[in-house]
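Reading through the structure tokens given below for one structure.
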Amino acid sequence: MVIAAVASTPFLLSSLVFTRRRTLRHLAVPPRVTASFSPEVPPLLRAAHHTVDSYIKSGMIIGLGSGEASDIAIRYLGQQLRSGSLEHVVGVPMSVRSASEAAKSGIPLEKFQDGFKIDFAFHDADAVEEDSLIAVIGRRKRSQEEDFILRQKYILKAAAEAVFMIKEDQYKAGIEGSIPVLVQSLNWLAIAEEIDDLYLGDAEVWRRASVGDAGPLGGDFPIVTSDGHNILDVIFTNPIPSLDEVVKSLDTIDGVVDHGLVNKTRCSVVIAGENEVRTVTFQSSTVESGGV
């Protein structure tokens with residue numbers, strides 16, 4: 001595994017649909033372009049600019065993620081296109097939010113379809129597990145984003161390479177907190193009980209409400225996505241030993257449509273610290289650093 005720093009800133013079930021067994025790989029280190037920032041520049045802005053400068057080339061089709069860092073990256077990508085530094089870049093938005101930001105920034109857009117070739121994608125993550133680089137997405141409770149976990153995962157999977165942008169405290173081993181799980185709404189309670197039994201003592205299972213925090217059953221107004229799914233928040237109260245094992249176990253449960261765990265073969269993580277931006281990717285070797 002390579003960590004590049006640029007100064008500036010007991011689950012035992014088998015795997016199914018979205019699981020890829022991870023091995024150490026030897027990937028070419030992408031070129032790094034270092035931008036000059038003052039110490040007052042917000043960390044996520046540094047990470048977003050670094051991602052665009054380092055990974056996006058003219059002529060690419062880009063998966064446009066959603067979240068604070070992705071918003072900044074989309075706006076910066078628009079500036080690069082307007083200035084002529086990049087040309088003929090097309091965006092594939094992962095949500096209404098990213099489509100809106102891209103339209104305002106003048107980025108040409110295409111709608112995602114099965115078989116669509118995507119060169120690169122970036123996205124915010126709620127957390128990323130050290131070593132495995134498995135990302136947690138979809139924790140945010142924004143009504144306009146609830147339908148887009150499936151689309152986000154489709155686009156991330158279709159991309160030849162992806163980057164998750166996070167803050168320093170979101171990158172760690174032993175991740176706690178919620179993992180969103182999309183389930184068939186007709187049988188949601190039985191599915192929730194099966195998940196609860198699977199993680200008994202380690203997690204609570206709540207159906208996500210469209211208004212407020214309504215409790216385990218989701219209250220009178222649970223979220224129903226456009227595809228007719230409910231969202232369960234599986235809330236881990238203890239550090240999770242292995243997100244890969246959680247992926248495997250969730251994928252074996254009938255009625256689970258998908259979940260907010262992304263196990264991407266070719267991915268990197270751009271980590272925004274207070275004084276530096278680090279890039280972590282699968283490789284074997286060194287730590288790079290440089291001044292600005």
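Labeling convention for the structure tokens: chains A, B, ... as they appear, residues from 1 per chain, ligands from 1 in order of appearance.
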Check your understanding: Which neighbours of Ile175 in chain A fall inside 9 Å, counting only C-alpha atoms, when residues of the same chain fewer than 2 positions from it are skipped, and could you give them as JSON, numbers by chain?
Key -> {"A": [127, 128, 129, 170, 171, 172, 173, 177, 236, 238, 239, 240, 241, 242, 243]}
Review point. Got a sec to tell me which of range 115-291 of chain A DSSP assigns to helix (DSSP H, G or I), as a ChimeraX atom specification?
Key: /A:143-158,168-170,185-198,243-250
Exercise for review: Find the residue from A:Gly67, A:Leu133, A:Ser54, A:Leu156 that sits nearest to Val92 in chain A; use only C-alpha atoms when measuring.
Suggested key: A:Leu156
**Study point:** Pick from A:Val205, A:Val211, A:Leu150, A:Leu77, whichever lies nearest to Asp233 in chain A using only C-alpha atoms
**Key:**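 The shortest atom-to-atom distance to Asp233 in chain A comes from A:Val205.
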**Study point:** Test item, strand (DSSP E or B) assignment across range 39-236 of chain A, answer as a PyMOL selection string
**Key:** chain A and resi 61-64+90-93+109+118+120-124+127-129+135-136+159+162-167+171-172+177-184+203-207+209+222+229-236
